[in-house]
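Visitor: One structure, pasted below without further comment.
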Amino acid sequence: MKNKTNRQVLTKAIKELSEIELVFLRERILQACDEIINNEEEVKNQMENHIISPGLFINSMKAIKEKIDY
């Protein structure tokens with residue numbers, strides 16, 4: 001069985017979820033982005049020796065928020 005990509009899974013979800021379910025999903029994603037963005041120094045410290053750069057992670061959260069914010 002072939003695994004679906006993240007893009008395929010999210011596209012399918014957007015097509016199939018109800019409007020209220022999309023509201024909940026969007027709100028939850030924005031909440032997660034805000035948690036990271038509002039605690040950048042803590043995130044940098046926690047991810048100091050992480051395989052993913054803290055800067056990449058934080059900047060990704062900012063980009064996601066920019067795309068889906070109200």
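Chains: A, B, ... in order of the structure tokens. Residues: from 1 per chain. Ligands: from 1, in order shown.
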For segment 57-69 of chain A, please output as a list in words all residues within 9 Å (counting only C-alpha atoms; exclusion window: fewer than 5 positions along the same chain).
Guide: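 Counting only C-alpha atoms, the residues come to Arg26, Glu27, Ile29, Leu30, Ala32, Cys33, Asp34, Ile36, Ile37, Glu40, Val43, Lys44 and Ile52 of chain A.
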Visitor: Restricted to N, CA, C and O atoms, what would the selected residues look like written as a compact mmCIF listing (two decimals), in the first residue's frame?
Guide:
```txt
# COMPACT_ATOMS: atom_id res chain seq x y z
N ARG A 26 -8.66 24.78 11.34
CA ARG A 26 -7.95 26.04 11.13
C ARG A 26 -7.59 26.69 12.47
O ARG A 26 -6.46 27.14 12.67
N GLU A 27 -8.55 26.74 13.38
CA GLU A 27 -8.31 27.35 14.69
C GLU A 27 -7.19 26.63 15.44
O GLU A 27 -6.34 27.25 16.06
N ILE A 29 -4.72 24.81 14.14
CA ILE A 29 -3.44 25.05 13.49
C ILE A 29 -2.91 26.44 13.88
O ILE A 29 -1.73 26.59 14.20
N LEU A 30 -3.80 27.44 13.85
CA LEU A 30 -3.38 28.78 14.23
C LEU A 30 -2.93 28.84 15.69
O LEU A 30 -1.95 29.52 16.02
N ALA A 32 -1.54 26.41 17.39
CA ALA A 32 -0.22 25.79 17.44
C ALA A 32 0.86 26.74 16.92
O ALA A 32 1.95 26.85 17.51
N CYS A 33 0.56 27.46 15.83
CA CYS A 33 1.50 28.43 15.29
C CYS A 33 1.79 29.53 16.31
O CYS A 33 2.95 29.89 16.53
N ASP A 34 0.74 30.06 16.92
CA ASP A 34 0.90 31.12 17.91
C ASP A 34 1.74 30.66 19.09
O ASP A 34 2.56 31.42 19.61
N ILE A 36 4.17 28.55 19.13
CA ILE A 36 5.58 28.55 18.72
C ILE A 36 6.09 29.97 18.56
O ILE A 36 7.16 30.33 19.07
N ILE A 37 5.34 30.79 17.82
CA ILE A 37 5.76 32.16 17.53
C ILE A 37 5.90 32.99 18.80
O ILE A 37 6.84 33.79 18.93
N GLU A 40 9.41 31.95 20.97
CA GLU A 40 10.55 31.66 20.09
C GLU A 40 11.81 31.26 20.86
O GLU A 40 12.49 30.30 20.49
N VAL A 43 11.51 27.81 22.30
CA VAL A 43 11.58 26.82 21.21
C VAL A 43 13.02 26.66 20.76
O VAL A 43 13.49 25.53 20.55
N LYS A 44 13.74 27.75 20.60
CA LYS A 44 15.15 27.68 20.18
C LYS A 44 15.97 26.88 21.18
O LYS A 44 16.81 26.06 20.79
N ILE A 52 16.03 19.24 13.11
CA ILE A 52 15.43 20.35 12.36
C ILE A 52 15.87 21.66 13.01
O ILE A 52 15.80 21.80 14.24
```
Visitor: Give the helix (DSSP H, G or I) residues of chain A, as assigned by DSSP on the backbone, as a ChimeraX atom specification.
Guide: /A:6-16,19-37,40-46,54-68
Visitor: Grab the atom CA of Thr11 of chain A to atom CA of Phe24 of chain A distance for me, in Å with one decimal place.
Guide: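 Calculated distance between atom CA of Thr11 of chain A and atom CA of Phe24 of chain A is 16.0 Å.
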Visitor: What is the distance, in Å and to one decimal place, between atom CA of Asn3 of chain A and atom CA of Ser53 of chain A?
Guide: 25.9 Å
